[in-house]
>>> print(open('protein.pdb').read())   # PDB, C-alpha atoms
ATOM      1  CA  MET A 210      17.794   3.554 -28.430
ATOM      2  CA  GLU A 211      17.235  -0.183 -28.809
ATOM      3  CA  LEU A 212      17.989  -2.957 -26.337
ATOM      4  CA  THR A 213      18.970  -6.047 -28.279
ATOM      5  CA  VAL A 214      19.233  -9.555 -26.840
ATOM      6  CA  LEU A 215      23.023  -9.305 -26.791
ATOM      7  CA  ARG A 216      22.970  -6.004 -24.904
ATOM      8  CA  PHE A 217      20.469  -7.427 -22.428
ATOM      9  CA  VAL A 218      22.746 -10.417 -21.783
ATOM     10  CA  LEU A 219      25.727  -8.096 -21.320
ATOM     11  CA  GLY A 220      23.731  -6.120 -18.772
ATOM     12  CA  MET A 221      22.708  -9.258 -16.887
ATOM     13  CA  LEU A 222      26.364 -10.295 -16.644
ATOM     14  CA  LEU A 223      26.735  -7.614 -13.961
ATOM     15  CA  LEU A 224      24.820 -10.008 -11.693
ATOM     16  CA  ALA A 225      28.059 -12.006 -11.485
ATOM     17  CA  VAL A 226      29.530  -9.347  -9.158
ATOM     18  CA  PRO A 227      27.155  -9.862  -6.173
ATOM     19  CA  VAL A 228      27.053 -13.620  -6.828
ATOM     20  CA  TYR A 229      30.837 -13.829  -6.664
ATOM     21  CA  ILE A 230      31.041 -11.716  -3.489
ATOM     22  CA  ILE A 231      28.349 -13.806  -1.766
ATOM     23  CA  TYR A 232      30.179 -16.994  -2.741
ATOM     24  CA  VAL A 233      33.658 -15.855  -1.699
ATOM     25  CA  LEU A 234      32.592 -14.308   1.625
ATOM     26  CA  GLU A 235      30.247 -17.231   2.358
ATOM     27  CA  LEU A 236      27.337 -14.942   3.184
ATOM     28  CA  HIS A 237      24.831 -17.808   2.878
ATOM     29  CA  ARG A 238      22.422 -15.666   0.894
ATOM     30  CA  MET A 239      22.864 -17.206  -2.552
ATOM     31  CA  ARG A 240      19.537 -19.007  -2.594
ATOM     32  CA  LYS A 241      17.627 -15.939  -1.396
ATOM     33  CA  LEU A 242      19.359 -13.760  -3.982
ATOM     34  CA  LEU A 243      18.519 -16.115  -6.836
ATOM     35  CA  LEU A 244      14.910 -16.422  -5.654
ATOM     36  CA  ALA A 245      14.603 -12.631  -5.424
ATOM     37  CA  VAL A 246      16.047 -12.187  -8.918
ATOM     38  CA  GLY A 247      13.751 -14.879 -10.295
ATOM     39  CA  TYR A 248      10.711 -13.294  -8.633
ATOM     40  CA  MET A 249      11.686  -9.880  -9.990
ATOM     41  CA  LEU A 250      12.134 -11.235 -13.516
ATOM     42  CA  GLY A 251       8.824 -13.094 -13.376
ATOM     43  CA  MET A 252       6.862 -10.066 -12.177
ATOM     44  CA  VAL A 253       8.490  -7.766 -14.724
ATOM     45  CA  VAL A 254       7.814 -10.193 -17.578
ATOM     46  CA  LEU A 255       4.175 -10.716 -16.564
ATOM     47  CA  THR A 256       3.606  -6.980 -16.120
ATOM     48  CA  GLY A 257       5.295  -6.237 -19.436
ATOM     49  CA  LEU A 258       3.287  -8.847 -21.325
ATOM     50  CA  GLY A 259       0.052  -7.599 -19.795
ATOM     51  CA  THR A 260       0.877  -4.013 -20.705
ATOM     52  CA  TYR A 261       1.841  -5.058 -24.240
ATOM     53  CA  ILE A 262      -1.475  -6.853 -24.729
ATOM     54  CA  LEU A 263      -3.445  -3.904 -23.374
ATOM     55  CA  MET A 264      -1.531  -1.544 -25.644
ATOM     56  CA  ARG A 265      -2.392  -3.663 -28.670
ATOM     57  CA  TRP A 266      -6.081  -3.829 -27.769
ATOM     58  CA  ASN A 267      -6.482  -0.252 -26.535
ATOM     59  CA  ASN A 268     -10.094  -0.947 -25.630
ATOM     60  CA  VAL A 269     -12.003   1.222 -23.130
ATOM     61  CA  TRP A 270     -13.835  -1.667 -21.460
ATOM     62  CA  VAL A 271     -10.707  -3.798 -21.232
ATOM     63  CA  ASN A 272      -8.832  -0.885 -19.670
ATOM     64  CA  MET A 273     -11.606  -0.355 -17.116
ATOM     65  CA  LEU A 274     -11.571  -4.065 -16.280
ATOM     66  CA  SER A 275      -7.804  -3.974 -15.850
ATOM     67  CA  GLY A 276      -8.233  -0.997 -13.510
ATOM     68  CA  VAL A 277     -10.679  -2.991 -11.393
ATOM     69  CA  VAL A 278      -8.233  -5.911 -11.284
ATOM     70  CA  MET A 279      -5.418  -3.602 -10.145
ATOM     71  CA  VAL A 280      -7.697  -2.237  -7.415
ATOM     72  CA  GLY A 281      -8.460  -5.775  -6.253
ATOM     73  CA  VAL A 282      -4.793  -6.766  -6.129
ATOM     74  CA  SER A 283      -3.906  -3.557  -4.291
ATOM     75  CA  THR A 284      -6.705  -4.184  -1.767
ATOM     76  CA  VAL A 285      -5.582  -7.713  -0.891
ATOM     77  CA  CYS A 286      -1.914  -6.702  -0.712
ATOM     78  CA  THR A 287      -2.759  -3.781   1.584
ATOM     79  CA  ILE A 288      -4.756  -5.928   4.023
ATOM     80  CA  ARG A 289      -2.170  -8.707   4.123
ATOM     81  CA  GLN A 290       0.710  -6.293   4.599
ATOM     82  CA  ALA A 291      -1.207  -4.675   7.457
ATOM     83  CA  LYS A 292      -1.612  -8.157   9.054
ATOM     84  CA  LEU A 293      -5.376  -7.825   9.144
ATOM     85  CA  ARG A 294      -8.186 -10.173   8.133
ATOM     86  CA  VAL A 295      -9.056 -10.032   4.455
ATOM     87  CA  SER A 296     -12.609 -11.274   5.046
ATOM     88  CA  ARG A 297     -13.326  -8.512   7.575
ATOM     89  CA  LEU A 298     -11.791  -5.540   5.758
ATOM     90  CA  LEU A 299     -12.168  -6.477   2.099
ATOM     91  CA  VAL A 300     -15.170  -4.223   1.448
ATOM     92  CA  PRO A 301     -13.901  -1.135   3.360
ATOM     93  CA  VAL A 302     -10.417  -1.221   1.845
ATOM     94  CA  ALA A 303     -11.704  -2.004  -1.653
ATOM     95  CA  SER A 304     -14.168   0.901  -1.408
ATOM     96  CA  GLY A 305     -11.425   3.309  -0.380
ATOM     97  CA  VAL A 306      -8.926   2.143  -2.999
ATOM     98  CA  PHE A 307     -11.500   2.093  -5.797
ATOM     99  CA  ALA A 308     -12.823   5.576  -5.070
ATOM    100  CA  ALA A 309      -9.389   7.132  -4.586
ATOM    101  CA  VAL A 310      -7.731   5.489  -7.590
ATOM    102  CA  PHE A 311     -10.504   6.211 -10.075
ATOM    103  CA  VAL A 312     -11.173   9.776  -8.915
ATOM    104  CA  VAL A 313      -7.517  10.823  -8.669
ATOM    105  CA  GLY A 314      -6.505   8.761 -11.703
ATOM    106  CA  LEU A 315      -9.130  10.213 -14.028
ATOM    107  CA  TYR A 316      -8.407  13.700 -12.683
ATOM    108  CA  MET A 317      -4.718  13.225 -13.528
ATOM    109  CA  VAL A 318      -5.250  11.740 -16.976
ATOM    110  CA  PHE A 319      -8.040  14.088 -18.063
ATOM    111  CA  LEU A 320      -7.086  17.430 -16.506
ATOM    112  CA  VAL A 321      -3.379  17.335 -15.597
ATOM    113  CA  LEU A 322      -2.049  15.304 -18.532
ATOM    114  CA  GLY A 323      -4.643  16.750 -20.913
ATOM    115  CA  ALA A 324      -5.732  13.499 -22.563
ATOM    116  CA  LYS A 325      -8.810  13.773 -24.747
ATOM    117  CA  ASN A 326      -9.598  10.135 -24.019
ATOM    118  CA  PRO A 327      -8.913   9.434 -20.311
ATOM    119  CA  PHE A 328      -9.157   5.664 -20.929
ATOM    120  CA  ASP A 329      -6.374   5.636 -23.502
ATOM    121  CA  THR A 330      -4.065   2.727 -22.622
ATOM    122  CA  ARG A 331      -0.915   4.785 -23.066
ATOM    123  CA  LEU A 332      -1.849   6.976 -20.069
ATOM    124  CA  PHE A 333      -4.564   5.074 -18.210
ATOM    125  CA  ILE A 334      -2.550   1.923 -17.381
ATOM    126  CA  PRO A 335       0.682   3.642 -16.170
ATOM    127  CA  VAL A 336      -1.183   6.173 -14.011
ATOM    128  CA  PHE A 337      -3.464   3.581 -12.440
ATOM    129  CA  GLY A 338      -0.523   1.238 -11.947
ATOM    130  CA  LEU A 339       1.372   3.969 -10.084
ATOM    131  CA  LEU A 340      -1.634   4.730  -7.900
ATOM    132  CA  THR A 341      -2.582   1.160  -6.973
ATOM    133  CA  GLY A 342       1.016   0.200  -6.283
ATOM    134  CA  GLY A 343       2.068   3.405  -4.549
ATOM    135  CA  ILE A 344      -0.641   3.437  -1.872
ATOM    136  CA  ILE A 345      -0.175  -0.150  -0.664
ATOM    137  CA  SER A 346       2.606   0.356   1.866
ATOM    138  CA  LEU A 347       1.255   3.710   3.072
ATOM    139  CA  ASN A 348      -2.282   2.447   3.661
ATOM    140  CA  ALA A 349      -1.064  -0.807   5.186
ATOM    141  CA  ARG A 350       1.007   1.045   7.767
ATOM    142  CA  ALA A 351      -1.849   3.426   8.578
ATOM    143  CA  LEU A 352      -4.492   0.690   8.893
ATOM    144  CA  HIS A 353      -2.207  -1.410  11.087
ATOM    145  CA  THR A 354      -1.677   1.578  13.377
ATOM    146  CA  TYR A 355      -5.414   2.308  13.506
ATOM    147  CA  TYR A 356      -6.712  -1.169  14.278
ATOM    148  CA  MET A 357      -3.849  -2.242  16.528
ATOM    149  CA  GLY A 358      -4.296   0.983  18.473
ATOM    150  CA  LEU A 359      -7.975   0.193  18.975
ATOM    151  CA  LYS A 360      -7.122  -3.365  19.959
ATOM    152  CA  HIS A 361      -4.320  -2.721  22.429
ATOM    153  CA  HIS A 362      -5.592   0.612  23.791
ATOM    154  CA  ASN A 363      -9.300  -0.243  23.893
ATOM    155  CA  GLN A 364      -9.575   1.047  27.448
ATOM    156  CA  LEU A 365      -9.206   4.594  26.146
ATOM    157  CA  TYR A 366     -11.849   3.929  23.486
ATOM    158  CA  TYR A 367     -14.375   2.480  25.946
ATOM    159  CA  TYR A 368     -13.578   5.165  28.517
ATOM    160  CA  LEU A 369     -14.533   7.867  26.032
ATOM    161  CA  LEU A 370     -17.712   6.035  25.042
ATOM    162  CA  GLY A 371     -18.648   5.535  28.667
ATOM    163  CA  ASN A 372     -18.287   9.244  29.353
ATOM    164  CA  GLY A 373     -20.728  10.311  26.670
ATOM    165  CA  SER A 374     -18.491  10.599  23.590
ATOM    166  CA  THR A 375     -19.858   9.591  20.226
ATOM    167  CA  HIS A 376     -18.176   6.870  18.196
ATOM    168  CA  ARG A 377     -16.585   9.478  15.979
ATOM    169  CA  GLU A 378     -15.164  11.327  18.971
ATOM    170  CA  ALA A 379     -13.936   8.116  20.600
ATOM    171  CA  VAL A 380     -11.939   6.984  17.555
ATOM    172  CA  HIS A 381     -10.614  10.453  16.721
ATOM    173  CA  TYR A 382      -7.300   9.823  18.506
ATOM    174  CA  PHE A 383      -6.747   6.544  16.622
ATOM    175  CA  VAL A 384      -7.717   8.108  13.288
ATOM    176  CA  ARG A 385      -5.228  10.892  13.877
ATOM    177  CA  ARG A 386      -2.490   8.379  14.696
ATOM    178  CA  SER A 387      -3.220   6.389  11.534
ATOM    179  CA  PHE A 388      -2.825   9.461   9.314
ATOM    180  CA  GLN A 389       0.376  10.335  11.138
ATOM    181  CA  ALA A 390       1.629   6.811  10.448
ATOM    182  CA  ALA A 391       0.951   7.297   6.729
ATOM    183  CA  LEU A 392       2.452  10.791   6.650
ATOM    184  CA  THR A 393       5.787   9.820   8.229
ATOM    185  CA  PRO A 394       7.011   7.516   5.410
ATOM    186  CA  MET A 395       5.695  10.015   2.861
ATOM    187  CA  MET A 396       7.927  12.730   4.266
ATOM    188  CA  LYS A 397      10.887  10.342   4.263
ATOM    189  CA  GLN A 398      10.215   9.505   0.621
ATOM    190  CA  MET A 399       9.997  13.190  -0.235
ATOM    191  CA  SER A 400      13.374  13.898   1.389
ATOM    192  CA  GLY A 401      15.017  10.923  -0.332
ATOM    193  CA  LEU A 402      13.327  11.342  -3.693
ATOM    194  CA  VAL A 403      16.303  13.081  -5.298
ATOM    195  CA  VAL A 404      18.770  10.287  -4.514
ATOM    196  CA  SER A 405      16.460   7.266  -4.891
ATOM    197  CA  SER A 406      13.902   6.992  -7.690
ATOM    198  CA  SER A 407      14.081  10.493  -9.137
ATOM    199  CA  PRO A 408      17.136   9.964 -11.394
ATOM    200  CA  LEU A 409      15.709   6.729 -12.823
ATOM    201  CA  VAL A 410      12.275   8.221 -13.523
ATOM    202  CA  MET A 411      13.819  11.305 -15.113
ATOM    203  CA  LEU A 412      16.069   9.136 -17.273
ATOM    204  CA  VAL A 413      13.111   7.076 -18.511
ATOM    205  CA  LEU A 414      11.051  10.186 -19.266
ATOM    206  CA  ILE A 415      13.905  11.812 -21.171
ATOM    207  CA  TRP A 416      14.466   8.617 -23.137
ATOM    208  CA  GLY A 417      10.750   8.731 -24.003
ATOM    209  CA  GLY A 418      11.160  12.158 -25.587
ATOM    210  CA  VAL A 419      10.102  14.357 -22.662
ATOM    211  CA  ASP A 420      12.216  17.441 -22.000
ATOM    212  CA  ALA A 421      13.975  17.807 -18.629
ATOM    213  CA  ILE A 422      11.698  20.565 -17.285
ATOM    214  CA  THR A 423       8.550  18.572 -18.045
ATOM    215  CA  ALA A 424      10.114  15.461 -16.516
ATOM    216  CA  ILE A 425      10.765  17.345 -13.268
ATOM    217  CA  GLY A 426       7.197  18.613 -13.151
ATOM    218  CA  LEU A 427       5.754  15.154 -13.839
ATOM    219  CA  GLN A 428       7.763  13.590 -11.000
ATOM    220  CA  ILE A 429       6.480  16.154  -8.522
ATOM    221  CA  VAL A 430       2.894  15.823  -9.732
ATOM    222  CA  PHE A 431       3.010  12.015  -9.611
ATOM    223  CA  PHE A 432       4.254  12.036  -6.028
ATOM    224  CA  VAL A 433       1.511  14.453  -4.969
ATOM    225  CA  MET A 434      -0.962  12.228  -6.821
ATOM    226  CA  ILE A 435       0.016   9.161  -4.787
ATOM    227  CA  MET A 436      -0.066  11.099  -1.516
ATOM    228  CA  SER A 437      -3.526  12.485  -2.244
ATOM    229  CA  ALA A 438      -4.902   9.097  -3.315
ATOM    230  CA  SER A 439      -3.505   7.459  -0.189
ATOM    231  CA  PHE A 440      -5.205   9.964   2.114
ATOM    232  CA  ILE A 441      -8.531   9.706   0.266
ATOM    233  CA  SER A 442      -8.379   5.921   0.321
ATOM    234  CA  LEU A 443      -7.525   5.807   4.021
ATOM    235  CA  PHE A 444     -10.333   8.221   4.951
ATOM    236  CA  ILE A 445     -12.983   6.271   3.014
ATOM    237  CA  THR A 446     -11.681   2.945   4.353
ATOM    238  CA  ILE A 447     -11.983   4.079   7.978
ATOM    239  CA  LEU A 448     -15.404   5.612   7.301
ATOM    240  CA  VAL A 449     -16.821   2.490   5.631
ATOM    241  CA  GLY A 450     -15.003   0.214   8.085
ATOM    242  CA  ARG A 451     -17.126   1.429  10.993
ATOM    243  CA  ARG A 452     -19.953  -0.732   9.716
ATOM    244  CA  TYR A 453     -17.820  -3.849   9.274
ATOM    245  CA  SER A 454     -15.293  -3.497  12.111
ATOM    246  CA  PHE A 455     -17.703  -2.676  14.968
ATOM    247  CA  ASP A 456     -20.796  -4.509  16.159
ATOM    248  CA  GLU A 457     -24.151  -3.003  17.131
ATOM    249  CA  TYR A 458     -22.759  -2.171  20.583
ATOM    250  CA  GLU A 459     -19.797  -0.286  19.029
ATOM    251  CA  ARG A 460     -17.335  -2.970  20.136
ATOM    252  CA  LEU A 461     -14.364  -3.734  17.893
ATOM    253  CA  ARG A 462     -14.710  -7.046  16.093
ATOM    254  CA  PRO A 463     -11.651  -9.303  15.573
ATOM    255  CA  VAL A 464      -9.822  -7.766  12.612
ATOM    256  CA  SER A 465      -6.232  -8.982  13.050
ATOM    257  CA  ASN A 466      -4.828 -12.344  12.032
ATOM    258  CA  ARG A 467      -5.127 -14.914  14.790
ATOM    259  CA  SER A 468      -2.048 -15.877  16.720
ATOM    260  CA  ALA A 469      -1.027 -19.449  17.420
ATOM    261  CA  ALA A 470      -2.727 -19.362  20.819
ATOM    262  CA  GLU A 471      -6.031 -18.354  19.214
ATOM    263  CA  ARG A 472      -6.127 -21.087  16.562
ATOM    264  CA  PRO A 473      -8.474 -24.077  16.932
ATOM    265  CA  GLY A 474      -6.883 -26.901  18.909
ATOM    266  CA  ALA A 475      -4.379 -24.685  20.689
ATOM    267  CA  ILE A 476      -3.848 -25.350  24.407
ATOM    268  CA  PRO A 477      -5.181 -22.349  26.338
ATOM    269  CA  SER A 478      -2.994 -20.723  28.936
ATOM    270  CA  SER A 479      -3.349 -17.789  31.250
ATOM    271  CA  ALA A 480      -0.657 -15.926  29.366
ATOM    272  CA  SER A 481      -2.308 -16.419  25.996
ATOM    273  CA  GLU A 482      -5.726 -15.518  27.321
ATOM    274  CA  SER A 483      -4.574 -12.246  28.821
ATOM    275  CA  SER A 484      -2.151 -11.206  26.112
ATOM    276  CA  ALA A 485      -2.955  -9.690  22.757
ATOM    277  CA  ASP A 486      -2.007 -11.012  19.349
ATOM    278  CA  LEU A 487       1.698 -11.826  19.550
ATOM    279  CA  SER A 488       2.148 -11.373  15.813
ATOM    280  CA  ALA A 489       1.304  -7.682  16.147
ATOM    281  CA  PRO A 490       3.424  -5.181  18.073
ATOM    282  CA  ARG A 491       2.171  -4.075  21.483
ATOM    283  CA  HIS A 492       2.690  -0.448  20.466
ATOM    284  CA  THR A 493       2.886   0.700  16.890
ATOM    285  CA  ASP A 494       5.370   3.412  17.883
ATOM    286  CA  VAL A 495       6.433   5.422  20.871
ATOM    287  CA  GLU A 496       4.056   8.286  20.171
ATOM    288  CA  SER A 497       1.013   6.026  20.044
ATOM    289  CA  ARG A 498       1.219   5.171  23.743
ATOM    290  CA  PRO A 499      -1.316   7.016  25.911
ATOM    291  CA  GLN A 500       0.213   9.954  27.692
ATOM    292  CA  GLU A 501       0.375   9.552  31.437
ATOM    293  CA  SER A 502      -1.036  12.352  33.507
TER     294      SER A 502
END
>>> encode(input="protein.pdb", output="structure tokens")
Amino acid sequence: MELTVLRFVLGMLLLAVPVYIIYVLELHRMRKLLLAVGYMLGMVVLTGLGTYILMRWNNVWVNMLSGVVMVGVSTVCTIRQAKLRVSRLLVPVASGVFAAVFVVGLYMVFLVLGAKNPFDTRLFIPVFGLLTGGIISLNARALHTYYMGLKHHNQLYYYLLGNGSTHREAVHYFVRRSFQAALTPMMKQMSGLVVSSSPLVMLVLIWGGVDAITAIGLQIVFFVMIMSASFISLFITILVGRRYSFDEYERLRPVSNRSAAERPGAIPSSASESSADLSAPRHTDVESRPQES
């Protein structure tokens, strides 16, 4: 199968359908639609060109460098999506992502996919791209739950410390909530896998010469791969983050982005002084609120 320029243009003509509907119904979303399409095209072209160049080189050191770059991009995207400070959590998140992606990625390429050369571009780049991109939203949600829980429910944390609990015991509740926050969207993705991305992935694998049974097995293995890497990354991030997120008195340092009331030059008020960061939710979810006795 070959996609010529004419066939590509014919496929892009289908974009006229949503454009026409937005124009006729006056939905006032034309500019956002065109910007989204332009952003999608730009990212796909850049990713495709980068992959093409890496395929032509097929160099071990270049592939390793590209893996490090993907880890760095995934780290920054995770912290920003979690609405946390990049400067405070760069090292913990990067440590977790790097360890999880390289361990799980090499395990997949070398043992599961059976590649003699685990740094072969044909397998190394797609697997590492799936891992670094797949764990962003999961880790961001979990880290936001963890640090916002410590920030808004710090009385529980200090109460446990004051009653003789160790730091590990005091943060156990918040660690458990963060893993629950990561597990919930995973289960939703698992239930909707058949009707969302599964048909597209299977179609691409079959077009690449893979039989249907192997394509099914690869989809399941890839999803388990992302789930495992996300949990490993989150665990290492929280473990390393204890050194960077807490001071010598085991108090939580500022890790969230500052609100408008906290910026330099802002007029202080009693409401802003007593309230938490308005950009972050007071409770991450209903279950994260402390249970009343």
>>> closest_residue(input="protein.pdb", among="A:Ile344, A:Pro463, A:Leu359, A:Arg377", to="A:Phe432", atoms="only C-alpha atoms")
A:Ile344
>>> closest_residue(input="protein.pdb", among="A:Gly371, A:Gly342, A:Gly418, A:Gly314", to="A:Val430", atoms="only C-alpha atoms")
A:Gly314
>>> resolve_selection(input="protein.pdb", expression="the PyMOL selection byres ((chain A and resi 441) around 12)", output="PyMOL selection string")
chain A and resi 302+304-313+340+344+347-348+388+391+434-440+442-448
>>> write_last_selection(input="protein.pdb", atoms="C-alpha atoms", output="mmCIF file, in the coordinates of the input")
data_model
loop_
_atom_site.group_PDB
_atom_site.id
_atom_site.type_symbol
_atom_site.label_atom_id
_atom_site.label_comp_id
_atom_site.auth_asym_id
_atom_site.auth_seq_id
_atom_site.Cartn_x
_atom_site.Cartn_y
_atom_site.Cartn_z
ATOM 1 C CA VAL A 302 -10.417 -1.221 1.845
ATOM 2 C CA SER A 304 -14.168 0.901 -1.408
ATOM 3 C CA GLY A 305 -11.425 3.309 -0.380
ATOM 4 C CA VAL A 306 -8.926 2.143 -2.999
ATOM 5 C CA PHE A 307 -11.500 2.093 -5.797
ATOM 6 C CA ALA A 308 -12.823 5.576 -5.070
ATOM 7 C CA ALA A 309 -9.389 7.132 -4.586
ATOM 8 C CA VAL A 310 -7.731 5.489 -7.590
ATOM 9 C CA PHE A 311 -10.504 6.211 -10.075
ATOM 10 C CA VAL A 312 -11.173 9.776 -8.915
ATOM 11 C CA VAL A 313 -7.517 10.823 -8.669
ATOM 12 C CA LEU A 340 -1.634 4.730 -7.900
ATOM 13 C CA ILE A 344 -0.641 3.437 -1.872
ATOM 14 C CA LEU A 347 1.255 3.710 3.072
ATOM 15 C CA ASN A 348 -2.282 2.447 3.661
ATOM 16 C CA PHE A 388 -2.825 9.461 9.314
ATOM 17 C CA ALA A 391 0.951 7.297 6.729
ATOM 18 C CA MET A 434 -0.962 12.228 -6.821
ATOM 19 C CA ILE A 435 0.016 9.161 -4.787
ATOM 20 C CA MET A 436 -0.066 11.099 -1.516
ATOM 21 C CA SER A 437 -3.526 12.485 -2.244
ATOM 22 C CA ALA A 438 -4.902 9.097 -3.315
ATOM 23 C CA SER A 439 -3.505 7.459 -0.189
ATOM 24 C CA PHE A 440 -5.205 9.964 2.114
ATOM 25 C CA SER A 442 -8.379 5.921 0.321
ATOM 26 C CA LEU A 443 -7.525 5.807 4.021
ATOM 27 C CA PHE A 444 -10.333 8.221 4.951
ATOM 28 C CA ILE A 445 -12.983 6.271 3.014
ATOM 29 C CA THR A 446 -11.681 2.945 4.353
ATOM 30 C CA ILE A 447 -11.983 4.079 7.978
ATOM 31 C CA LEU A 448 -15.404 5.612 7.301
#
>>> atom_distance(input="protein.pdb", atom1="atom CA of A:Ser454", atom2="atom CA of A:Thr341")
23.4 Å
>>> closest_residue(input="protein.pdb", among="A:Gln428, A:Thr213, A:Asn268, A:Ser465", to="A:Met357", atoms="all atoms listed in the file")
A:Ser465
>>> atom_distance(input="protein.pdb", atom1="atom CA of A:Val449", atom2="atom CA of A:Pro301")
5.2 Å
>>> closest_residue(input="protein.pdb", among="A:Tyr248, A:Phe319, A:Phe217, A:Phe328", to="A:Asn272", atoms="all atoms listed in the file")
A:Phe328
>>> atom_distance(input="protein.pdb", atom1="atom CA of A:Arg460", atom2="atom CA of A:Phe383")
14.7 Å
>>> closest_residue(input="protein.pdb", among="A:Arg331, A:His237, A:Lys325, A:Arg297", to="A:Gly450", atoms="all atoms listed in the file")
A:Arg297
>>> resolve_selection(input="protein.pdb", expression="the PyMOL selection byres ((chain A and resi 278-288) around 7)", output="list in words")
Leu274, Ser275, Gly276, Val277, Arg289, Gln290, Ala291, Lys292, Leu293, Arg294, Val295, Val302, Ala303, Val306, Phe307, Thr341, Gly342, Ile345, Ser346, Asn348 and Ala349 of chain A
>>> decode(input="protein.pdb", residues="stretch 254-268 of chain A", atoms="N, CA, C and O atoms", output="PDB file, in the first residue's frame")
ATOM      1  N   VAL A 254       4.716  15.956  11.566  1.00  0.00           N
ATOM      2  CA  VAL A 254       5.807  16.134  10.599  1.00  0.00           C
ATOM      3  C   VAL A 254       7.160  16.115  11.299  1.00  0.00           C
ATOM      4  O   VAL A 254       8.111  15.450  10.849  1.00  0.00           O
ATOM      5  N   LEU A 255       7.277  16.833  12.427  1.00  0.00           N
ATOM      6  CA  LEU A 255       8.546  16.847  13.155  1.00  0.00           C
ATOM      7  C   LEU A 255       8.912  15.459  13.675  1.00  0.00           C
ATOM      8  O   LEU A 255      10.067  15.026  13.572  1.00  0.00           O
ATOM      9  N   THR A 256       7.917  14.759  14.244  1.00  0.00           N
ATOM     10  CA  THR A 256       8.169  13.409  14.740  1.00  0.00           C
ATOM     11  C   THR A 256       8.560  12.466  13.602  1.00  0.00           C
ATOM     12  O   THR A 256       9.481  11.648  13.737  1.00  0.00           O
ATOM     13  N   GLY A 257       7.862  12.593  12.480  1.00  0.00           N
ATOM     14  CA  GLY A 257       8.171  11.738  11.333  1.00  0.00           C
ATOM     15  C   GLY A 257       9.556  12.000  10.766  1.00  0.00           C
ATOM     16  O   GLY A 257      10.302  11.052  10.446  1.00  0.00           O
ATOM     17  N   LEU A 258       9.926  13.279  10.659  1.00  0.00           N
ATOM     18  CA  LEU A 258      11.259  13.600  10.147  1.00  0.00           C
ATOM     19  C   LEU A 258      12.345  13.107  11.098  1.00  0.00           C
ATOM     20  O   LEU A 258      13.379  12.579  10.657  1.00  0.00           O
ATOM     21  N   GLY A 259      12.120  13.283  12.401  1.00  0.00           N
ATOM     22  CA  GLY A 259      13.093  12.794  13.365  1.00  0.00           C
ATOM     23  C   GLY A 259      13.256  11.285  13.301  1.00  0.00           C
ATOM     24  O   GLY A 259      14.379  10.764  13.350  1.00  0.00           O
ATOM     25  N   THR A 260      12.129  10.577  13.193  1.00  0.00           N
ATOM     26  CA  THR A 260      12.191   9.123  13.087  1.00  0.00           C
ATOM     27  C   THR A 260      12.879   8.685  11.800  1.00  0.00           C
ATOM     28  O   THR A 260      13.664   7.724  11.788  1.00  0.00           O
ATOM     29  N   TYR A 261      12.613   9.400  10.708  1.00  0.00           N
ATOM     30  CA  TYR A 261      13.234   9.071   9.424  1.00  0.00           C
ATOM     31  C   TYR A 261      14.747   9.228   9.497  1.00  0.00           C
ATOM     32  O   TYR A 261      15.507   8.366   9.027  1.00  0.00           O
ATOM     33  N   ILE A 262      15.195  10.326  10.139  1.00  0.00           N
ATOM     34  CA  ILE A 262      16.637  10.549  10.259  1.00  0.00           C
ATOM     35  C   ILE A 262      17.280   9.479  11.134  1.00  0.00           C
ATOM     36  O   ILE A 262      18.357   8.954  10.825  1.00  0.00           O
ATOM     37  N   LEU A 263      16.622   9.133  12.227  1.00  0.00           N
ATOM     38  CA  LEU A 263      17.168   8.101  13.113  1.00  0.00           C
ATOM     39  C   LEU A 263      17.205   6.746  12.416  1.00  0.00           C
ATOM     40  O   LEU A 263      18.137   5.959  12.623  1.00  0.00           O
ATOM     41  N   MET A 264      16.208   6.465  11.604  1.00  0.00           N
ATOM     42  CA  MET A 264      16.193   5.213  10.855  1.00  0.00           C
ATOM     43  C   MET A 264      17.346   5.144   9.864  1.00  0.00           C
ATOM     44  O   MET A 264      17.952   4.084   9.661  1.00  0.00           O
ATOM     45  N   ARG A 265      17.648   6.269   9.235  1.00  0.00           N
ATOM     46  CA  ARG A 265      18.752   6.292   8.272  1.00  0.00           C
ATOM     47  C   ARG A 265      20.097   6.123   8.969  1.00  0.00           C
ATOM     48  O   ARG A 265      20.984   5.417   8.458  1.00  0.00           O
ATOM     49  N   TRP A 266      20.255   6.757  10.129  1.00  0.00           N
ATOM     50  CA  TRP A 266      21.525   6.630  10.849  1.00  0.00           C
ATOM     51  C   TRP A 266      21.665   5.260  11.490  1.00  0.00           C
ATOM     52  O   TRP A 266      22.677   4.598  11.330  1.00  0.00           O
ATOM     53  N   ASN A 267      20.655   4.873  12.255  1.00  0.00           N
ATOM     54  CA  ASN A 267      20.654   3.587  12.960  1.00  0.00           C
ATOM     55  C   ASN A 267      21.933   3.402  13.772  1.00  0.00           C
ATOM     56  O   ASN A 267      22.631   2.386  13.694  1.00  0.00           O
ATOM     57  N   ASN A 268      22.244   4.425  14.565  1.00  0.00           N
ATOM     58  CA  ASN A 268      23.452   4.431  15.370  1.00  0.00           C
ATOM     59  C   ASN A 268      23.075   4.243  16.838  1.00  0.00           C
ATOM     60  O   ASN A 268      22.114   4.842  17.327  1.00  0.00           O
TER      61      ASN A 268
END
